[in-house]
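Structure file run05.cif; described as mmCIF, C-alpha atoms.
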```cif
data_work
#
loop_
_atom_site.label_atom_id
_atom_site.label_comp_id
_atom_site.auth_asym_id
_atom_site.auth_seq_id
_atom_site.Cartn_x
_atom_site.Cartn_y
_atom_site.Cartn_z
CA MET A 1 0.00 0.00 0.00
CA ILE A 2 1.32 3.42 -1.02
CA VAL A 3 -0.38 6.70 -0.07
CA VAL A 4 0.33 9.55 -2.50
CA LYS A 5 -0.47 13.13 -1.51
CA VAL A 6 -0.24 15.75 -4.25
CA GLY A 7 -0.47 19.45 -3.45
CA GLY A 8 -2.49 22.15 -5.09
CA SER A 9 0.07 24.90 -5.69
CA ALA A 10 1.09 26.42 -9.02
CA GLY A 11 3.22 24.20 -11.25
CA ILE A 12 1.76 20.83 -10.22
CA ASP A 13 1.38 18.55 -13.25
CA TYR A 14 -1.75 16.52 -12.49
CA ASP A 15 -1.56 14.83 -15.89
CA ALA A 16 1.91 13.49 -15.10
CA VAL A 17 0.85 12.35 -11.60
CA CYS A 18 -2.27 10.59 -12.92
CA ALA A 19 -0.44 8.92 -15.83
CA ASP A 20 2.21 7.54 -13.47
CA LEU A 21 -0.43 6.49 -10.93
CA ALA A 22 -2.47 4.70 -13.61
CA ALA A 23 0.55 2.83 -14.97
CA ARG A 24 1.49 1.55 -11.52
CA TRP A 25 -2.13 0.70 -10.62
CA LYS A 26 -2.42 -1.49 -13.72
CA THR A 27 0.53 -3.60 -12.54
CA GLY A 28 -1.47 -4.51 -9.42
CA GLU A 29 0.04 -1.99 -7.02
CA LYS A 30 -2.36 -0.69 -4.34
CA LEU A 31 -2.37 3.10 -4.14
CA ILE A 32 -4.53 5.85 -2.67
CA LEU A 33 -4.35 9.44 -3.86
CA VAL A 34 -4.94 12.39 -1.52
CA HIS A 35 -4.93 15.87 -3.05
CA GLY A 36 -5.05 19.54 -2.17
CA GLY A 37 -6.24 22.56 -4.12
CA SER A 38 -5.04 25.67 -2.32
CA GLY A 39 -3.96 27.64 -5.39
CA GLU A 40 -7.26 27.24 -7.23
CA THR A 41 -9.23 27.88 -4.03
CA ASN A 42 -7.42 31.21 -3.61
CA ARG A 43 -8.21 32.17 -7.22
CA VAL A 44 -11.91 31.27 -6.93
CA ALA A 45 -12.25 32.99 -3.54
CA GLU A 46 -10.82 36.21 -5.03
CA ALA A 47 -13.19 35.97 -8.00
CA LEU A 48 -16.16 35.50 -5.66
CA GLY A 49 -15.22 38.56 -3.61
CA HIS A 50 -14.23 36.64 -0.50
CA PRO A 51 -10.41 36.60 -0.69
CA PRO A 52 -8.46 34.11 1.41
CA ARG A 53 -7.19 35.07 4.82
CA PHE A 54 -4.08 33.37 6.13
CA VAL A 55 -3.06 33.47 9.77
CA THR A 56 0.16 32.55 11.54
CA SER A 57 0.01 30.72 14.85
CA PRO A 58 2.25 31.68 17.80
CA SER A 59 4.36 28.58 16.97
CA GLY A 60 4.94 29.84 13.40
CA TYR A 61 2.56 27.67 11.33
CA THR A 62 0.56 29.38 8.58
CA SER A 63 -2.98 28.22 7.84
CA ARG A 64 -6.15 29.36 6.11
CA PHE A 65 -8.72 31.03 8.36
CA THR A 66 -11.86 29.14 7.41
CA ASP A 67 -15.12 30.91 8.16
CA ARG A 68 -18.32 29.32 6.86
CA GLN A 69 -18.24 31.10 3.49
CA THR A 70 -14.60 30.14 2.98
CA LEU A 71 -15.45 26.54 3.87
CA GLU A 72 -18.14 26.46 1.18
CA ILE A 73 -15.71 27.84 -1.43
CA PHE A 74 -13.11 25.32 -0.22
CA GLU A 75 -15.59 22.45 -0.66
CA MET A 76 -16.64 23.68 -4.10
CA VAL A 77 -13.04 23.67 -5.35
CA TYR A 78 -11.49 20.73 -3.47
CA CYS A 79 -14.47 18.33 -3.59
CA GLY A 80 -15.78 19.56 -6.94
CA LYS A 81 -13.40 20.96 -9.51
CA ILE A 82 -10.09 19.45 -8.38
CA ASN A 83 -11.39 16.09 -7.16
CA LYS A 84 -13.56 15.37 -10.17
CA GLY A 85 -10.87 16.67 -12.53
CA ILE A 86 -8.47 14.06 -11.13
CA VAL A 87 -11.11 11.31 -11.22
CA GLU A 88 -11.85 12.16 -14.87
CA ARG A 89 -8.15 11.98 -15.78
CA LEU A 90 -7.87 8.56 -14.15
CA GLN A 91 -11.06 7.27 -15.80
CA ARG A 92 -9.71 8.31 -19.20
CA LEU A 93 -6.54 6.35 -18.39
CA GLY A 94 -8.60 3.23 -17.66
CA VAL A 95 -8.54 3.41 -13.84
CA ASN A 96 -11.89 3.12 -12.06
CA ALA A 97 -11.32 5.91 -9.55
CA VAL A 98 -13.81 7.10 -6.92
CA GLY A 99 -13.53 10.64 -5.55
CA LEU A 100 -14.51 11.30 -1.94
CA SER A 101 -13.92 13.93 0.71
CA GLY A 102 -12.93 13.08 4.27
CA LEU A 103 -16.47 14.08 5.22
CA ASP A 104 -17.91 11.14 3.25
CA GLY A 105 -18.27 8.14 5.55
CA ARG A 106 -16.34 10.17 8.14
CA ILE A 107 -13.13 8.88 6.54
CA PHE A 108 -11.23 11.70 8.26
CA GLU A 109 -12.52 12.68 11.69
CA GLY A 110 -11.34 15.12 14.32
CA ARG A 111 -12.21 17.82 16.80
CA HIS A 112 -13.72 21.09 15.54
CA LYS A 113 -11.73 24.16 16.61
CA ASP A 114 -14.06 27.15 16.26
CA SER A 115 -11.39 29.62 17.35
CA VAL A 116 -7.73 30.01 16.46
CA ARG A 117 -4.85 31.95 18.03
CA ALA A 118 -3.07 34.14 15.52
CA VAL A 119 -0.22 36.62 15.63
CA GLU A 120 -1.07 39.91 13.88
CA ASN A 121 1.17 42.97 14.07
CA GLY A 122 3.15 41.37 16.85
CA LYS A 123 0.09 40.67 19.01
CA THR A 124 -1.62 37.35 19.68
CA LYS A 125 -5.36 37.44 18.99
CA VAL A 126 -8.16 34.88 19.26
CA LEU A 127 -10.19 34.64 16.04
CA ARG A 128 -13.61 33.01 16.33
CA GLY A 129 -15.90 31.40 13.74
CA ASP A 130 -13.22 29.08 12.37
CA HIS A 131 -14.02 25.69 10.82
CA THR A 132 -10.71 23.87 11.19
CA GLY A 133 -9.34 20.86 12.99
CA THR A 134 -6.79 18.06 12.90
CA VAL A 135 -7.44 14.48 11.79
CA GLU A 136 -7.45 12.42 14.96
CA LYS A 137 -9.19 9.31 13.61
CA VAL A 138 -9.24 7.59 10.21
CA ASN A 139 -12.21 5.32 9.53
CA THR A 140 -10.82 2.88 6.99
CA GLY A 141 -13.91 0.71 6.39
CA LEU A 142 -15.12 2.58 3.28
CA ILE A 143 -11.57 2.79 1.86
CA GLU A 144 -11.00 -0.93 2.33
CA LEU A 145 -14.40 -1.67 0.74
CA LEU A 146 -13.45 0.35 -2.35
CA LEU A 147 -9.96 -1.12 -2.63
CA GLY A 148 -11.35 -4.64 -2.24
CA ALA A 149 -13.80 -4.01 -5.07
CA GLY A 150 -11.06 -2.75 -7.40
CA TYR A 151 -11.63 1.02 -7.09
CA LEU A 152 -8.87 3.59 -6.61
CA PRO A 153 -9.87 6.10 -3.90
CA VAL A 154 -9.12 9.79 -4.55
CA LEU A 155 -9.49 11.68 -1.26
CA THR A 156 -9.51 15.31 -0.25
CA PRO A 157 -10.29 17.47 2.79
CA PRO A 158 -12.54 18.55 4.49
CA ALA A 159 -12.93 16.11 7.36
CA SER A 160 -15.87 15.57 9.68
CA SER A 161 -15.91 16.78 13.25
CA TYR A 162 -17.18 14.35 15.89
CA GLU A 163 -20.46 16.29 15.71
CA GLY A 164 -20.67 15.90 11.91
CA VAL A 165 -19.58 19.45 11.02
CA ALA A 166 -17.26 19.88 8.01
CA ILE A 167 -13.80 21.06 9.06
CA ASN A 168 -10.80 22.16 7.03
CA VAL A 169 -7.80 19.95 7.85
CA ASP A 170 -4.25 19.94 6.55
CA GLY A 171 -4.01 17.51 3.63
CA ASP A 172 -0.43 16.42 4.34
CA ARG A 173 -1.18 15.51 7.93
CA ALA A 174 -4.43 13.83 6.87
CA ALA A 175 -2.47 11.74 4.35
CA ALA A 176 0.02 10.86 7.10
CA ALA A 177 -2.81 9.71 9.39
CA LEU A 178 -4.25 7.65 6.52
CA ALA A 179 -0.88 6.02 5.82
CA VAL A 180 -0.53 5.08 9.48
CA ALA A 181 -4.09 3.70 9.69
CA LEU A 182 -3.61 1.56 6.56
CA LYS A 183 -0.10 0.46 7.60
CA ALA A 184 1.23 1.81 4.31
CA GLU A 185 4.71 0.92 3.17
CA ALA A 186 5.35 4.46 1.93
CA LEU A 187 3.88 7.96 2.01
CA LEU A 188 4.71 10.32 -0.86
CA LEU A 189 4.23 14.07 -0.34
CA LEU A 190 4.48 15.61 -3.81
CA SER A 191 4.61 19.37 -4.38
CA ASN A 192 6.10 22.03 -6.67
CA VAL A 193 9.65 21.76 -5.29
CA PRO A 194 12.09 18.82 -5.55
CA GLY A 195 11.98 18.12 -1.81
CA LEU A 196 13.06 19.80 1.41
CA LEU A 197 15.58 22.52 0.60
CA ARG A 198 18.32 23.58 3.00
CA ALA A 199 18.30 27.10 1.49
CA TYR A 200 14.88 27.69 -0.10
CA PRO A 201 14.32 28.44 -3.00
CA ASP A 202 17.75 27.17 -4.14
CA GLU A 203 16.90 23.75 -5.60
CA SER A 204 20.55 22.70 -5.55
CA SER A 205 20.32 22.74 -1.73
CA LEU A 206 18.07 19.64 -1.70
CA ILE A 207 18.34 17.57 1.48
CA ARG A 208 18.36 13.98 0.21
CA GLN A 209 18.09 11.99 3.44
CA ILE A 210 16.51 12.56 6.85
CA PRO A 211 16.81 9.99 9.67
CA ALA A 212 13.36 8.79 10.78
CA ASP A 213 14.18 9.46 14.44
CA ASP A 214 15.26 13.07 13.82
CA VAL A 215 12.62 14.51 11.46
CA GLU A 216 11.55 17.46 13.60
CA ALA A 217 15.13 18.74 13.72
CA TYR A 218 14.70 19.59 10.03
CA LEU A 219 11.70 21.88 10.62
CA LYS A 220 14.15 24.80 10.69
CA PHE A 221 14.71 24.35 6.93
CA ALA A 222 10.99 24.23 6.05
CA GLN A 223 9.32 27.33 4.66
CA ASP A 224 5.57 28.07 4.72
CA ARG A 225 3.50 24.99 3.82
CA MET A 226 6.55 22.71 3.85
CA LYS A 227 6.42 22.91 7.65
CA LYS A 228 3.17 20.91 7.66
CA LYS A 229 4.75 18.34 5.34
CA VAL A 230 7.69 17.84 7.70
CA LEU A 231 5.28 17.58 10.63
CA GLY A 232 3.20 15.03 8.69
CA ALA A 233 6.34 13.04 7.90
CA ALA A 234 7.28 12.95 11.58
CA GLU A 235 3.79 11.70 12.48
CA ALA A 236 3.86 9.05 9.73
CA VAL A 237 7.22 7.50 10.66
CA ALA A 238 6.31 7.63 14.36
CA GLY A 239 3.17 5.67 13.44
CA GLY A 240 5.10 2.92 11.65
CA VAL A 241 5.27 4.06 8.00
CA LYS A 242 8.62 2.83 6.68
CA ARG A 243 9.39 5.65 4.23
CA VAL A 244 8.15 9.18 3.65
CA ILE A 245 9.35 10.94 0.52
CA PHE A 246 9.07 14.64 -0.34
CA GLY A 247 8.93 14.56 -4.14
CA ASP A 248 8.49 16.77 -7.20
CA ALA A 249 5.10 16.77 -8.95
CA ARG A 250 5.98 19.15 -11.77
CA ALA A 251 6.80 16.71 -14.60
CA GLY A 252 7.96 13.26 -15.65
CA GLN A 253 6.94 10.25 -13.57
CA PRO A 254 6.61 11.86 -10.13
CA ILE A 255 5.55 8.75 -8.18
CA THR A 256 8.09 6.41 -9.75
CA ALA A 257 10.89 8.97 -9.35
CA ALA A 258 10.08 9.47 -5.68
CA LEU A 259 9.92 5.74 -4.99
CA ASP A 260 13.28 5.37 -6.78
CA GLY A 261 14.83 7.82 -4.31
CA ALA A 262 14.47 11.24 -5.97
CA GLY A 263 13.62 14.03 -3.55
CA THR A 264 14.01 13.92 0.23
CA VAL A 265 13.70 10.45 1.76
CA VAL A 266 12.75 10.07 5.42
CA SER A 267 13.55 6.56 6.63
#
```
Hey, can you dump this file as structure tokens for me?
Amino acid sequence: MIVVKVGGSAGIDYDAVCADLAARWKTGEKLILVHGGSGETNRVAEALGHPPRFVTSPSGYTSRFTDRQTLEIFEMVYCGKINKGIVERLQRLGVNAVGLSGLDGRIFEGRHKDSVRAVENGKTKVLRGDHTGTVEKVNTGLIELLLGAGYLPVLTPPASSYEGVAINVDGDRAAAALAVALKAEALLLLSNVPGLLRAYPDESSLIRQIPADDVEAYLKFAQDRMKKKVLGAAEAVAGGVKRVIFGDARAGQPITAALDGAGTVVS
């Protein structure tokens, strides 16, 4: 079992990811795809007159402030346009893919945080009306049912709160929780950079290897959203996943290249 998470930033080549995924699937390999959609969500939110708002926590993590209107835009893009676009690509390649959000069947479940602490102009504030959370539980029954029947699951946030409310969760950490729950052999976190860079954005500064027992020490090299990927990697290896690879989803055969050792390998 291999869990592949592909981001949603500019430069991602979904055609290349899907072609590589389809080729491997047809050899009998079991894979699950988890995807994001942040770049397109930002574009649509701007067009709808409700531009995205990003906040930075006191510990330095940046996330989207998700009020109810933002959540609805998020669902429209992630669960609609991006998810069905990927499913269509895979269907055209002869793979019987099924697109679901973490809300469906409560695949991803966690606690709803309706307020968030954010640092603005040097001051810590409490912002209320948020619809975010962290995946604390993965309900694998529906996934296993689909895999057993020969379907390839394509998953995306949001998740469900314990009360059944849709919550925005980080896709990388959700994919890590999924990989742990399914006892996956590998977790691939593909984005628009070649891996974790020691001196971002210098791609020649790629860090090729990270010891599994020392992942969090490399957080100091992670910029912006890469911090969540490093955190997800730490959670995955702590939960028993043998390898986590930060790979490049911009061209070529991104999954095969990552599994062959391209990018940053955590093991």
Once the PyMOL selection byres ((chain A and resi 127) around 7) is applied to the coordinates I shared, what remains selected? I want it as a PyMOL selection string. chain A and resi 115-117+125-126+128-129
Closest atom pairs, residues of segment 26-107 of chain A within 12 Å of segment 188-193 of chain A, all atoms listed in the file, as a Markdown table:
```
| residue | atom | partner | partner_atom | distance |
| --- | --- | --- | --- | --- |
| A:Leu31 | CA | A:Leu188 | CA | 10.6 |
| A:Ile32 | CA | A:Leu188 | CA | 10.4 |
| A:Leu33 | CA | A:Leu188 | CA | 9.6 |
| A:Val34 | CA | A:Leu189 | CA | 9.4 |
| A:His35 | CA | A:Leu190 | CA | 9.4 |
| A:Gly36 | CA | A:Ser191 | CA | 9.9 |
| A:Gly37 | CA | A:Ser191 | CA | 11.3 |
| A:Ser38 | CA | A:Ser191 | CA | 11.7 |
| A:Gly39 | CA | A:Asn192 | CA | 11.6 |
```
Distance criterion (all atoms listed in the file): nearest to Lys228 of chain A out of A:Ala258, A:Ala199, A:Ala176, A:Ala249: A:Ala176
Evaluated on this file, the PyMOL selection byres ((chain A and resi 211-220) around 6) picks out some residues - which ones are they, written as a PyMOL selection string? chain A and resi 210+221-222+234+266-267
By how many Å are atom CA of Phe65 of chain A and atom CA of Lys81 of chain A apart? 21.0 Å
Residues in the PyMOL selection byres ((chain A and resi 187) around 12), expressed as a PyMOL selection string: chain A and resi 1-6+31-34+172-186+188-190+229+232-237+239-247+255+258-259+264-267
If I take atom CA of Arg106 of chain A and atom CA of Tyr162 of chain A, how far is one from the other in Å, to one decimal? 8.8 Å
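Rounded to one decimal, atom CA of Gln209 of chain A and atom CA of Gly261 of chain A lie 9.4 Å from each other.
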Contact check, segment 45-131 of chain A to segment 9-18 of chain A, at most 12 Å, counting only C-alpha atoms, closest pairs as CSV:
```
residue,atom,partner,partner_atom,distance
A:Ile82,CA,A:Tyr14,CA,9.7
A:Asn83,CA,A:Tyr14,CA,11.0
A:Gly85,CA,A:Tyr14,CA,9.1
A:Ile86,CA,A:Tyr14,CA,7.3
A:Val87,CA,A:Cys18,CA,9.0
A:Glu88,CA,A:Cys18,CA,9.9
A:Arg89,CA,A:Cys18,CA,6.7
A:Leu90,CA,A:Cys18,CA,6.1
A:Gln91,CA,A:Cys18,CA,9.8
A:Arg92,CA,A:Cys18,CA,10.0
A:Leu93,CA,A:Cys18,CA,8.1
A:Gly94,CA,A:Cys18,CA,10.8
A:Val95,CA,A:Cys18,CA,9.6
A:Ala97,CA,A:Cys18,CA,10.7
```
Mind filling out segment 1-23 of chain A with N, CA, C and O atoms and sending it as a PDB file, in the frame of the given file?
```pdb
ATOM      1  N   MET A   1       0.837  -1.194   0.000  1.00  0.00           N
ATOM      2  CA  MET A   1       0.000   0.000   0.000  1.00  0.00           C
ATOM      3  C   MET A   1       0.875   1.248   0.000  1.00  0.00           C
ATOM      4  O   MET A   1       1.775   1.382   0.830  1.00  0.00           O
ATOM      5  N   ILE A   2       0.600   2.145  -0.939  1.00  0.00           N
ATOM      6  CA  ILE A   2       1.320   3.420  -1.020  1.00  0.00           C
ATOM      7  C   ILE A   2       0.294   4.537  -1.005  1.00  0.00           C
ATOM      8  O   ILE A   2      -0.669   4.517  -1.783  1.00  0.00           O
ATOM      9  N   VAL A   3       0.474   5.504  -0.116  1.00  0.00           N
ATOM     10  CA  VAL A   3      -0.380   6.700  -0.070  1.00  0.00           C
ATOM     11  C   VAL A   3       0.368   7.836  -0.745  1.00  0.00           C
ATOM     12  O   VAL A   3       1.500   8.146  -0.369  1.00  0.00           O
ATOM     13  N   VAL A   4      -0.267   8.430  -1.754  1.00  0.00           N
ATOM     14  CA  VAL A   4       0.330   9.550  -2.500  1.00  0.00           C
ATOM     15  C   VAL A   4      -0.480  10.798  -2.206  1.00  0.00           C
ATOM     16  O   VAL A   4      -1.691  10.828  -2.419  1.00  0.00           O
ATOM     17  N   LYS A   5       0.183  11.833  -1.709  1.00  0.00           N
ATOM     18  CA  LYS A   5      -0.470  13.130  -1.510  1.00  0.00           C
ATOM     19  C   LYS A   5       0.141  14.114  -2.502  1.00  0.00           C
ATOM     20  O   LYS A   5       1.356  14.289  -2.541  1.00  0.00           O
ATOM     21  N   VAL A   6      -0.714  14.745  -3.309  1.00  0.00           N
ATOM     22  CA  VAL A   6      -0.240  15.750  -4.250  1.00  0.00           C
ATOM     23  C   VAL A   6      -0.852  17.098  -3.877  1.00  0.00           C
ATOM     24  O   VAL A   6      -2.040  17.190  -3.582  1.00  0.00           O
ATOM     25  N   GLY A   7      -0.020  18.122  -3.867  1.00  0.00           N
ATOM     26  CA  GLY A   7      -0.470  19.450  -3.450  1.00  0.00           C
ATOM     27  C   GLY A   7      -1.307  20.153  -4.494  1.00  0.00           C
ATOM     28  O   GLY A   7      -1.628  19.596  -5.550  1.00  0.00           O
ATOM     29  N   GLY A   8      -1.640  21.389  -4.189  1.00  0.00           N
ATOM     30  CA  GLY A   8      -2.490  22.150  -5.090  1.00  0.00           C
ATOM     31  C   GLY A   8      -1.905  23.487  -5.479  1.00  0.00           C
ATOM     32  O   GLY A   8      -2.614  24.399  -5.908  1.00  0.00           O
ATOM     33  N   SER A   9      -0.585  23.624  -5.371  1.00  0.00           N
ATOM     34  CA  SER A   9       0.070  24.900  -5.690  1.00  0.00           C
ATOM     35  C   SER A   9       0.373  25.000  -7.187  1.00  0.00           C
ATOM     36  O   SER A   9       0.283  24.013  -7.924  1.00  0.00           O
ATOM     37  N   ALA A  10       0.750  26.185  -7.613  1.00  0.00           N
ATOM     38  CA  ALA A  10       1.090  26.420  -9.020  1.00  0.00           C
ATOM     39  C   ALA A  10       2.237  25.517  -9.455  1.00  0.00           C
ATOM     40  O   ALA A  10       3.176  25.268  -8.693  1.00  0.00           O
ATOM     41  N   GLY A  11       2.140  25.012 -10.690  1.00  0.00           N
ATOM     42  CA  GLY A  11       3.220  24.200 -11.250  1.00  0.00           C
ATOM     43  C   GLY A  11       3.000  22.703 -11.146  1.00  0.00           C
ATOM     44  O   GLY A  11       3.713  21.927 -11.788  1.00  0.00           O
ATOM     45  N   ILE A  12       2.033  22.259 -10.351  1.00  0.00           N
ATOM     46  CA  ILE A  12       1.760  20.830 -10.220  1.00  0.00           C
ATOM     47  C   ILE A  12       1.246  20.286 -11.551  1.00  0.00           C
ATOM     48  O   ILE A  12       0.341  20.851 -12.155  1.00  0.00           O
ATOM     49  N   ASP A  13       1.804  19.172 -11.994  1.00  0.00           N
ATOM     50  CA  ASP A  13       1.380  18.550 -13.250  1.00  0.00           C
ATOM     51  C   ASP A  13       0.492  17.350 -12.925  1.00  0.00           C
ATOM     52  O   ASP A  13       0.970  16.226 -12.764  1.00  0.00           O
ATOM     53  N   TYR A  14      -0.817  17.595 -12.831  1.00  0.00           N
ATOM     54  CA  TYR A  14      -1.750  16.520 -12.490  1.00  0.00           C
ATOM     55  C   TYR A  14      -1.785  15.446 -13.563  1.00  0.00           C
ATOM     56  O   TYR A  14      -2.005  14.268 -13.266  1.00  0.00           O
ATOM     57  N   ASP A  15      -1.587  15.834 -14.816  1.00  0.00           N
ATOM     58  CA  ASP A  15      -1.560  14.830 -15.890  1.00  0.00           C
ATOM     59  C   ASP A  15      -0.425  13.844 -15.675  1.00  0.00           C
ATOM     60  O   ASP A  15      -0.599  12.628 -15.835  1.00  0.00           O
ATOM     61  N   ALA A  16       0.750  14.353 -15.328  1.00  0.00           N
ATOM     62  CA  ALA A  16       1.910  13.490 -15.100  1.00  0.00           C
ATOM     63  C   ALA A  16       1.673  12.579 -13.892  1.00  0.00           C
ATOM     64  O   ALA A  16       1.985  11.378 -13.929  1.00  0.00           O
ATOM     65  N   VAL A  17       1.126  13.139 -12.803  1.00  0.00           N
ATOM     66  CA  VAL A  17       0.850  12.350 -11.600  1.00  0.00           C
ATOM     67  C   VAL A  17      -0.144  11.230 -11.921  1.00  0.00           C
ATOM     68  O   VAL A  17       0.065  10.065 -11.563  1.00  0.00           O
ATOM     69  N   CYS A  18      -1.231  11.583 -12.626  1.00  0.00           N
ATOM     70  CA  CYS A  18      -2.270  10.590 -12.920  1.00  0.00           C
ATOM     71  C   CYS A  18      -1.771   9.511 -13.887  1.00  0.00           C
ATOM     72  O   CYS A  18      -2.102   8.331 -13.735  1.00  0.00           O
ATOM     73  N   ALA A  19      -0.977   9.896 -14.877  1.00  0.00           N
ATOM     74  CA  ALA A  19      -0.440   8.920 -15.830  1.00  0.00           C
ATOM     75  C   ALA A  19       0.462   7.907 -15.113  1.00  0.00           C
ATOM     76  O   ALA A  19       0.389   6.690 -15.352  1.00  0.00           O
ATOM     77  N   ASP A  20       1.311   8.403 -14.227  1.00  0.00           N
ATOM     78  CA  ASP A  20       2.210   7.540 -13.470  1.00  0.00           C
ATOM     79  C   ASP A  20       1.421   6.645 -12.515  1.00  0.00           C
ATOM     80  O   ASP A  20       1.675   5.433 -12.396  1.00  0.00           O
ATOM     81  N   LEU A  21       0.431   7.230 -11.855  1.00  0.00           N
ATOM     82  CA  LEU A  21      -0.430   6.490 -10.930  1.00  0.00           C
ATOM     83  C   LEU A  21      -1.154   5.365 -11.663  1.00  0.00           C
ATOM     84  O   LEU A  21      -1.192   4.215 -11.198  1.00  0.00           O
ATOM     85  N   ALA A  22      -1.718   5.688 -12.830  1.00  0.00           N
ATOM     86  CA  ALA A  22      -2.470   4.700 -13.610  1.00  0.00           C
ATOM     87  C   ALA A  22      -1.576   3.548 -14.057  1.00  0.00           C
ATOM     88  O   ALA A  22      -1.969   2.371 -13.980  1.00  0.00           O
ATOM     89  N   ALA A  23      -0.372   3.867 -14.506  1.00  0.00           N
ATOM     90  CA  ALA A  23       0.550   2.830 -14.970  1.00  0.00           C
ATOM     91  C   ALA A  23       0.901   1.859 -13.841  1.00  0.00           C
ATOM     92  O   ALA A  23       0.939   0.635 -14.045  1.00  0.00           O
TER      93      ALA A  23
END
```
